[in-house]
Structure formats: C-alpha cells, structure tokens
Amino acid sequence: MSLEEIHAIADKERQVQAQFDHQIYVCMGTACLSAHSDDIKTALDTAVQQQGKGEKCSVACGGCRGLCAAGPMVSVEPQGLIYQGVAPEDSADIIAALDSEPVERLQVPMDHPFFTRQQKIVLEDAGKLNPERIEDYLAIGGYEALMHVVTEMTPAAVIDEIMASGLRGRGGAGYRVGLKWSTVAKAEGARKYVVVNGDEGDPGAFMDRSTMEADPHRILEGMTIAAYAVGASEGFLYVRAEYPLAVKRLQLAIRQAQKLNLLGQNICGTPFNFKVEIRLGAGAFVCGEETALMASIEGQRGQPRPRPPYPAEHGLWGYPTLINNVETFANIVPIIRKGAAWFAGIGTEKSKGTKVFALSGRIVHTGLIEVPMGITLREIVYDVGGGIPEGKRLKAVQTGGPSGGCIPEQFMDMPVDYESLQKLGSFMGSGGMIIMDETSCMVDVAQYFMEFCMSESCGKCIPCRVGTAQMYDLLKKITSGAATLDDLTQLEELCDLVKNTSLCGLGQAAPNPIISTLRYFREEYLAHIVEKRCPAGVCKIHGAAHADHQPHAELEVLP
C-alpha cells in the first residue's frame, strides 16, 4: 500500500471521528476487565441506542488511564472527562449527561494531583484510542514517524537522533540506547534481529503489560524504526503467557500493520523488509535477562550464559541482536516526531525523559503513573499517589523489583533518577514501586523477596542456586526468633558472596533487599535476634503475632 493510501485512511478516520461530539472510551485493560468493564461497554452501547444518540456519540474500548484503584474507568473525549468506579447501571446517566453537566458522583476532578503531576510520553495516548483499531492510531499520526524514517532518513541519522536524545534503557540498568543501537548497527552478520523484552516479572510491576494492551502499534512502530536503524530484517516480541490480552492485541496489531504494508516486505514502498513474530514466555523470571530470553526464543531452556560476548555482537542464533524493553521502544516514536532536543529537555542532566512506574502497596492511589525524571519520591508518594492510607506513617519505598532496594522515609526528598537510586543501594529497575508503612516488618520484606529470587533461580550457577536458598533459610530463622548474631554475620557474608560470584543479574542483585534493609533498618534485625520480638508485630516469634497483621500484606498488588 502506498503512502498516499495510508494517509487517506488516516484522513478518513479523522473525518469519521469529527462527526461525533463525544467519543467514549471504556477502560478494557486487565485491571478494569477483572471488574467487568466489558459489561459497562455493553450497557453504554445500549444506552446510546435507547437515548437516540448514535449519531453524536461513539463507544469503544480503550486502554488503562492509570488510576487502577478507582476502576472501572470511563473517559469522554474531546471533553477530557474521566469517570471512576463506574457500574453498568450508571451508563444511562453518563449518556444523558453528555449534553449537560457531568455526573458529579462519578467524575474525577481534572485538577486531581494524580493526573496534574504527571507528564506523559509513553502513555500519552493510553485510554484515548481504541487499541484494537489501526485506524485510530493512524488518525493521531501513527506510523508517520516510521514513514518519515524509511523515506527521508539514513539509518545513521536515526541512531544519531536517539543518541542525542539521551534516552537510556528502561529495563533496569539504564544503558544508553543510542550506544547500544550503534553497536548492533556496526556489528557484522548475515542477518540481525530486534527483540522487544516484554517479560515483565517483578512483583508489583504492570507497566509494560498496560502499555502493550493500551497502545500496541506504538511499540511495533518503535521496534520497526529500530530495525531500520540497525539493519535488522527480523524481530521478536517476547511476552509472558500470563499476559493474554497484551498478546491478543499485539497479534492483531501485527496483522493490521502487515495489511497496510507497514510491516513485511518493501515497507512503505522502500527496499526495507522487516517481519515480526511473537514468542510466549512460560513465566520464568530469569528470562527477563537478555541471554536467558534469547535461549528461550531459540527453543532452549531459559538460562543465562556468560558475557561477553554480548547480544549486540553475538545474539540470537549467533547473530547481532538488539534487545530493549517495551517502555524503551515506546519512547522512540515521540523522539522522532518531536526531536531529540525536546526529549533531552525533560528530566535531569544524566537521566532524560520520563519514567513509568507501577505504584502498589500501602498507598491511596495504586496504579500506573508516568513522571519526569528528577521528581522526588515524596512528590510521587504524597502528591501523585495520595499518601499513606489510614493515617499511617511512611516507612520505606521499594524500587527495582525483587532485586532492588528499600529506601527509608528520610530520603523521600531525593530525586528519582538512575544515579541517585544507585547511591542509596537501589536502582530504577523496570518501574515497580512498592510503598510500605509502619506496619511493615523490613526483615519479613527481605524474606519475601529472597523467597521469590530463590524460587526463580534457574539453578545454573551454584552461588545463586545454593546461596539464595541459604540466605532465605537464615532470614526465616531470624523472623522466627531462632537466630543468633553469628547467623547475621553469616547472612552478610553470603550477600557479598552471591553478589560477586553469580553468573547473571538475577543472582548478582538478589541480595540487594537484604543489603538495603540491613543498611537502613538494622535495628529491626537486632530486635528479632537479640530481643526476640518483631517491632511491627508481623513475624511469629514464639508463636505470637498481632492478629491484625498479615505477613507481606504491604506487598499486595493489583491483579
């Protein structure tokens, strides 16, 4: 299909949408669907017909608007209205109010700090388009960046633009994206691959899942631009099988893009060819690590291998391979559209742009947020997140997933960027952020994450396979009140051993929750060991525990 024909489709869709005074989007992300938002869409469709507003109003499925704790959510465009806690029986009132005052009992005020303190790049269109229609994406300028790149830019110019933007990988380590792309572009190989790492396995993390569900074409477009830049002709979307809705929408998006010649052979009438396939992960946490992920795609057991060689030079089936996570690729399109200087003007000197976080735990507004780099933890917790419920006191914020660190309340005014988090013994990770209050026992928290790392160890290297199990046993001994100070010394020695001798990032970072909690909450360890008590009343020491506390209660996350 020619560029003129694609533009004609976009123009036609804009004309169709302009005929409607109101476009209603029902959140059909996983969280809202679990609350039966599909029934709400059916009820809204019925109300539109019963009230004779079919010519003025359209109803469609949309992506996540972020405020998951208040779902199911319904938004009305272009008015920018957002309704929360909607039930099917509210549908008639919502439709009747389209030409009058909004339904006050359901309306989320547009000056709500949850929305006003955010700055959206990755999520800018989430909830404002139908993720199952490529026409919706084309109508807002979708695939314009790709068409511009393949017809007017050289691969080197694309890499230069990404390099100048300062974008760093959003999967955890924060490696410069332009530098990684440049390495793959320079590598020699009969073929090259591009891989989207959608194997989001951190407890409390649902950033990539929501992005794939809400805006699948943005990821495909960013991925295809990357393929053009590095010279790849094949790509894989690696998504865990526990994300069936994301997989369904990505599969649909691939078929739609192929039909319009935006994927496949001679893309946009150029010599550039790129085909994309989806690979499902079985849920192993270790497959989020690049080399284990590649082994899984190749049909092998998902286990890491030593590096070097790095995937950029020796990746899938021995060929150069570019691997970035979902959020990283979702940033590519706006950078090409608006320019590197625009993106570099957001964030801090070394951490550019925005970051998507999944807020969960003991916080009022659990959900998905996108904030500029450099915002403080206090602003995230109290302004965006609404603070701690029930008047409790903030105790710590855990970032970086199960191998991240716990940051105490005293550092809440620290800016959130790659370097600052590392100084405090944590790191950015993919974006999970778990909030804990005074009812949390930090030794119990460390035990929870160590149990996760122990269970998810692939077992290939002894330090991780044996060391995580031994650390878990010691933590269990401490929380039961049976440990001695010698056990604490042994725990610290094991942390050092596992951190410095494990094969891959899972084992190397597994001790971080212990190291950070010992650094900032050592008195809680000593209380368990010396005084035989749990200060938070969580751990069952001598068979006693506070009845109103449940172990790991602060780690509950959204479905």
# chains A, B, ... in the order shown; residues from 1 in each chain; ligands from 1
>>> residues_around(residues="range 207-212 of chain A", least_positions_apart="4", cutoff="6 Å", atoms="only C-alpha atoms", output="list in words")
Pro216, Ala246, Val326 and Ala358 of chain A
>>> select_by_dssp(residues="range 270-406 of chain A", states="strand (DSSP E or B)", output="JSON, numbers by chain")
{"A": [274, 275, 276, 277, 278, 279, 280, 281, 321, 322, 323, 324, 325, 347, 352, 354, 355, 356, 357, 358, 359, 360, 361, 367, 368, 369, 370, 371, 372, 376, 394, 395, 396, 397, 398, 399, 405, 406]}
>>> atom_distance(atom1="CA of Gly222 in chain A", atom2="CA of Asn331 in chain A")
7.4 Å
>>> residues_around(residues="Ala164 in chain A", least_positions_apart="4", cutoff="10 Å", atoms="only C-alpha atoms", output="PyMOL selection string")
chain A and resi 158-160+178+335+339-341+343-344
>>> residues_around(residues="Leu98 in chain A", least_positions_apart="6", cutoff="9 Å", atoms="only C-alpha atoms", output="list of chain:residue names")
A:Asp21, A:His22, A:Cys57, A:Val76
>>> write_last_selection(atoms="N, CA and C atoms", output="PDB file, in the first residue's frame")
ATOM      1  N   ASP A  21     -19.744  14.231  18.486  1.00  0.00           N
ATOM      2  CA  ASP A  21     -19.498  15.239  19.513  1.00  0.00           C
ATOM      3  C   ASP A  21     -18.805  14.637  20.723  1.00  0.00           C
ATOM      4  N   HIS A  22     -19.024  13.338  20.919  1.00  0.00           N
ATOM      5  CA  HIS A  22     -18.464  12.670  22.095  1.00  0.00           C
ATOM      6  C   HIS A  22     -17.937  11.290  21.690  1.00  0.00           C
ATOM      7  N   CYS A  57     -22.525  10.159  19.256  1.00  0.00           N
ATOM      8  CA  CYS A  57     -21.684   9.531  20.271  1.00  0.00           C
ATOM      9  C   CYS A  57     -21.197   8.168  19.807  1.00  0.00           C
ATOM     10  N   VAL A  76     -14.428  10.439  28.442  1.00  0.00           N
ATOM     11  CA  VAL A  76     -15.204  11.071  27.364  1.00  0.00           C
ATOM     12  C   VAL A  76     -14.305  12.103  26.690  1.00  0.00           C
TER      13      VAL A  76
END
>>> residues_around(residues="Ile219 in chain A", least_positions_apart="5", cutoff="10 Å", atoms="only C-alpha atoms", output="list in words")
Val122, Val196, Thr211, Met212, Thr224, Ile225, Leu237, Leu250, Ala253, Asn325, Val326, Glu327, Thr328, Phe329, Ala330, Asn331, Ile332 and Val333 of chain A
>>> select_by_dssp(residues="range 117-180 of chain A", states="helix (DSSP H, G or I)", output="PyMOL selection string")
chain A and resi 134-139+144-152+155-165+177-180
>>> write_last_selection(atoms="N, CA, C and O atoms", output="compact mmCIF listing (two decimals), in the first residue's frame")
# COMPACT_ATOMS: atom_id res chain seq x y z
N ILE A 134 -6.16 -0.08 13.99
CA ILE A 134 -5.02 0.66 13.49
C ILE A 134 -5.46 2.02 12.96
O ILE A 134 -4.69 2.99 12.97
N GLU A 135 -6.74 2.13 12.54
CA GLU A 135 -7.24 3.41 12.04
C GLU A 135 -7.19 4.49 13.12
O GLU A 135 -6.87 5.65 12.83
N ASP A 136 -7.49 4.10 14.36
CA ASP A 136 -7.40 5.05 15.47
C ASP A 136 -5.97 5.56 15.64
O ASP A 136 -5.74 6.74 15.89
N TYR A 137 -5.03 4.64 15.50
CA TYR A 137 -3.62 5.02 15.67
C TYR A 137 -3.16 5.90 14.52
O TYR A 137 -2.45 6.90 14.72
N LEU A 138 -3.57 5.59 13.31
CA LEU A 138 -3.21 6.41 12.16
C LEU A 138 -3.80 7.81 12.27
O LEU A 138 -3.16 8.81 11.88
N ALA A 139 -4.99 7.92 12.84
CA ALA A 139 -5.67 9.22 12.94
C ALA A 139 -4.94 10.20 13.85
O ALA A 139 -5.10 11.41 13.70
N GLU A 144 3.52 7.78 11.18
CA GLU A 144 4.13 8.90 10.45
C GLU A 144 5.64 8.93 10.69
O GLU A 144 6.42 9.22 9.78
N ALA A 145 6.06 8.63 11.94
CA ALA A 145 7.49 8.63 12.25
C ALA A 145 8.21 7.55 11.44
O ALA A 145 9.29 7.79 10.89
N LEU A 146 7.61 6.37 11.35
CA LEU A 146 8.22 5.29 10.57
C LEU A 146 8.32 5.68 9.10
O LEU A 146 9.37 5.48 8.46
N MET A 147 7.24 6.22 8.56
CA MET A 147 7.26 6.60 7.14
C MET A 147 8.31 7.68 6.87
O MET A 147 8.99 7.66 5.84
N HIS A 148 8.45 8.61 7.80
CA HIS A 148 9.47 9.65 7.66
C HIS A 148 10.87 9.04 7.70
O HIS A 148 11.75 9.40 6.90
N VAL A 149 11.07 8.10 8.63
CA VAL A 149 12.40 7.50 8.80
C VAL A 149 12.83 6.73 7.56
O VAL A 149 13.94 6.90 7.05
N VAL A 150 11.95 5.84 7.06
CA VAL A 150 12.37 4.95 5.97
C VAL A 150 12.44 5.66 4.63
O VAL A 150 13.07 5.14 3.69
N THR A 151 11.79 6.81 4.50
CA THR A 151 11.80 7.50 3.20
C THR A 151 12.71 8.72 3.18
O THR A 151 13.11 9.16 2.09
N GLU A 152 13.06 9.27 4.36
CA GLU A 152 13.81 10.53 4.36
C GLU A 152 15.07 10.52 5.23
O GLU A 152 15.85 11.47 5.17
N PRO A 155 19.89 5.27 8.19
CA PRO A 155 19.99 4.58 9.48
C PRO A 155 20.90 5.30 10.46
O PRO A 155 20.57 5.39 11.66
N ALA A 156 22.01 5.83 9.98
CA ALA A 156 22.94 6.55 10.86
C ALA A 156 22.30 7.79 11.46
O ALA A 156 22.52 8.12 12.63
N ALA A 157 21.48 8.48 10.65
CA ALA A 157 20.81 9.69 11.15
C ALA A 157 19.81 9.35 12.25
O ALA A 157 19.64 10.11 13.21
N VAL A 158 19.14 8.20 12.12
CA VAL A 158 18.19 7.77 13.15
C VAL A 158 18.93 7.50 14.46
O VAL A 158 18.52 7.94 15.54
N ILE A 159 20.04 6.79 14.37
CA ILE A 159 20.83 6.48 15.57
C ILE A 159 21.35 7.76 16.20
O ILE A 159 21.34 7.90 17.44
N ASP A 160 21.79 8.70 15.39
CA ASP A 160 22.29 9.98 15.91
C ASP A 160 21.18 10.70 16.69
O ASP A 160 21.45 11.32 17.74
N GLU A 161 19.95 10.63 16.19
CA GLU A 161 18.83 11.30 16.86
C GLU A 161 18.55 10.66 18.23
O GLU A 161 18.33 11.35 19.22
N ILE A 162 18.57 9.34 18.26
CA ILE A 162 18.35 8.63 19.53
C ILE A 162 19.49 8.89 20.50
O ILE A 162 19.29 9.08 21.71
N MET A 163 20.70 8.94 19.98
CA MET A 163 21.87 9.23 20.82
C MET A 163 21.75 10.62 21.42
O MET A 163 21.99 10.82 22.62
N ALA A 164 21.37 11.58 20.61
CA ALA A 164 21.28 12.97 21.08
C ALA A 164 20.16 13.16 22.09
O ALA A 164 20.22 14.08 22.92
N SER A 165 19.16 12.30 22.04
CA SER A 165 18.04 12.44 22.98
C SER A 165 18.44 12.10 24.41
O SER A 165 17.79 12.54 25.36
N VAL A 177 20.69 4.01 25.01
CA VAL A 177 20.02 3.31 23.91
C VAL A 177 20.73 3.56 22.58
O VAL A 177 20.96 2.63 21.81
N GLY A 178 21.09 4.80 22.32
CA GLY A 178 21.78 5.12 21.07
C GLY A 178 23.09 4.37 20.94
O GLY A 178 23.45 3.93 19.84
N LEU A 179 23.79 4.19 22.05
CA LEU A 179 25.07 3.48 22.02
C LEU A 179 24.86 2.00 21.71
O LEU A 179 25.61 1.40 20.93
N LYS A 180 23.82 1.43 22.30
CA LYS A 180 23.52 0.02 22.02
C LYS A 180 23.12 -0.16 20.55
O LYS A 180 23.58 -1.10 19.89
>>> residues_around(residues="range 507-519 of chain A", least_positions_apart="6", cutoff="9 Å", atoms="only C-alpha atoms", output="JSON, numbers by chain")
{"A": [398, 402, 403, 404, 405, 406, 407, 408, 424, 425, 426, 442, 443, 445, 446, 447, 449, 450, 453, 454, 457, 461, 463, 464, 465, 467, 468, 471, 491, 492, 494, 495, 496, 498, 499, 500, 501, 525]}
>>> write_last_selection(atoms="N, CA and C atoms", output="compact mmCIF listing (two decimals), in the first residue's frame")
# COMPACT_ATOMS: atom_id res chain seq x y z
N GLN A 398 10.17 0.61 48.07
CA GLN A 398 10.99 -0.40 47.44
C GLN A 398 10.95 -0.22 45.94
N PRO A 402 12.31 -7.36 42.80
CA PRO A 402 12.79 -8.22 43.88
C PRO A 402 14.28 -8.11 44.15
N SER A 403 15.01 -7.55 43.19
CA SER A 403 16.44 -7.38 43.40
C SER A 403 16.81 -5.91 43.58
N GLY A 404 15.82 -5.10 43.92
CA GLY A 404 16.07 -3.69 44.20
C GLY A 404 16.33 -3.46 45.67
N GLY A 405 16.14 -2.23 46.11
CA GLY A 405 16.42 -1.89 47.50
C GLY A 405 15.27 -1.14 48.14
N CYS A 406 15.28 -1.11 49.46
CA CYS A 406 14.25 -0.41 50.23
C CYS A 406 14.80 0.92 50.72
N ILE A 407 14.17 2.00 50.29
CA ILE A 407 14.64 3.36 50.60
C ILE A 407 13.81 3.90 51.75
N PRO A 408 14.44 4.28 52.88
CA PRO A 408 13.69 4.75 54.05
C PRO A 408 13.13 6.15 53.88
N LEU A 424 21.78 5.06 46.91
CA LEU A 424 21.06 4.62 48.11
C LEU A 424 20.96 3.10 48.20
N GLY A 425 21.61 2.40 47.29
CA GLY A 425 21.60 0.94 47.34
C GLY A 425 20.42 0.31 46.62
N SER A 426 19.74 1.07 45.78
CA SER A 426 18.65 0.52 44.99
C SER A 426 18.93 0.84 43.52
N MET A 442 10.60 -5.02 57.99
CA MET A 442 11.57 -5.00 56.90
C MET A 442 12.34 -6.31 56.77
N VAL A 443 12.46 -7.07 57.86
CA VAL A 443 13.08 -8.39 57.76
C VAL A 443 12.14 -9.33 57.01
N VAL A 445 9.98 -8.37 54.80
CA VAL A 445 10.03 -7.92 53.40
C VAL A 445 11.22 -8.54 52.69
N ALA A 446 12.38 -8.51 53.34
CA ALA A 446 13.59 -9.11 52.74
C ALA A 446 13.39 -10.60 52.52
N GLN A 447 12.73 -11.25 53.47
CA GLN A 447 12.47 -12.69 53.33
C GLN A 447 11.54 -12.95 52.15
N PHE A 449 11.16 -11.20 49.34
CA PHE A 449 11.86 -11.06 48.06
C PHE A 449 12.92 -12.14 47.87
N MET A 450 13.55 -12.58 48.97
CA MET A 450 14.54 -13.64 48.83
C MET A 450 13.86 -14.96 48.46
N CYS A 453 13.35 -14.73 44.73
CA CYS A 453 14.59 -14.94 43.97
C CYS A 453 15.03 -16.40 44.04
N MET A 454 14.88 -17.02 45.20
CA MET A 454 15.25 -18.42 45.36
C MET A 454 14.41 -19.30 44.44
N SER A 457 15.37 -18.75 40.66
CA SER A 457 16.72 -19.06 40.21
C SER A 457 16.68 -20.22 39.22
N CYS A 461 24.06 -21.67 38.10
CA CYS A 461 25.29 -21.41 38.85
C CYS A 461 25.05 -21.65 40.34
N PRO A 463 26.41 -20.22 43.16
CA PRO A 463 26.18 -19.11 44.09
C PRO A 463 24.72 -18.69 44.18
N CYS A 464 24.04 -18.64 43.05
CA CYS A 464 22.63 -18.24 43.05
C CYS A 464 21.74 -19.38 43.53
N ARG A 465 21.98 -20.58 42.99
CA ARG A 465 21.12 -21.72 43.32
C ARG A 465 21.18 -22.05 44.81
N GLY A 467 23.13 -20.20 47.22
CA GLY A 467 23.24 -19.02 48.08
C GLY A 467 21.90 -18.39 48.42
N THR A 468 21.00 -18.29 47.43
CA THR A 468 19.68 -17.70 47.72
C THR A 468 18.90 -18.57 48.70
N MET A 471 20.40 -17.96 52.16
CA MET A 471 20.00 -16.66 52.68
C MET A 471 18.53 -16.67 53.11
N LEU A 491 24.87 -14.21 57.21
CA LEU A 491 23.98 -13.65 56.19
C LEU A 491 24.68 -12.56 55.40
N GLU A 492 25.39 -11.69 56.08
CA GLU A 492 26.10 -10.60 55.40
C GLU A 492 27.21 -11.15 54.51
N LEU A 494 27.23 -14.09 53.06
CA LEU A 494 26.58 -14.70 51.90
C LEU A 494 26.13 -13.66 50.89
N CYS A 495 25.64 -12.53 51.38
CA CYS A 495 25.25 -11.44 50.48
C CYS A 495 26.41 -11.03 49.59
N ASP A 496 27.55 -10.87 50.19
CA ASP A 496 28.75 -10.47 49.44
C ASP A 496 29.15 -11.55 48.44
N VAL A 498 27.27 -14.05 47.03
CA VAL A 498 26.31 -14.23 45.94
C VAL A 498 26.36 -13.04 44.99
N LYS A 499 26.49 -11.84 45.53
CA LYS A 499 26.51 -10.63 44.72
C LYS A 499 27.70 -10.62 43.75
N ASN A 500 28.82 -11.13 44.19
CA ASN A 500 30.05 -11.00 43.40
C ASN A 500 30.43 -12.24 42.59
N THR A 501 29.71 -13.34 42.76
CA THR A 501 30.11 -14.56 42.05
C THR A 501 29.00 -15.18 41.21
N TYR A 525 16.49 -6.10 62.54
CA TYR A 525 17.15 -7.41 62.58
C TYR A 525 17.59 -7.73 64.00
>>> residues_around(residues="Asp413 in chain A", least_positions_apart="6", cutoff="7 Å", atoms="only C-alpha atoms", output="PyMOL selection string")
chain A and resi 376-378
>>> atom_distance(atom1="CA of Gly391 in chain A", atom2="CA of Arg362 in chain A")
10.9 Å
>>> closest_residue(among="A:His365, A:Lys532, A:Lys259, A:His112", to="Ala69 in chain A", atoms="only C-alpha atoms")
A:His365
>>> closest_residue(among="A:Cys504, A:Val194, A:Ile375, A:Asp486", to="Ala226 in chain A", atoms="only C-alpha atoms")
A:Val194
>>> atom_distance(atom1="CA of Lys540 in chain A", atom2="CA of Thr399 in chain A")
26.5 Å
>>> closest_atom_pairs(of="range 340-394 of chain A", to="range 58-65 of chain A", cutoff="9 Å", atoms="only C-alpha atoms", output="Markdown table")
| residue | atom | partner | partner_atom | distance |
| --- | --- | --- | --- | --- |
| A:Gly367 | CA | A:Arg65 | CA | 8.9 |
| A:Leu368 | CA | A:Arg65 | CA | 7.8 |
| A:Ile369 | CA | A:Arg65 | CA | 8.9 |
>>> closest_residue(among="A:Glu456, A:Pro306, A:Arg105, A:Asp444", to="Gly288 in chain A", atoms="only C-alpha atoms")
A:Glu456
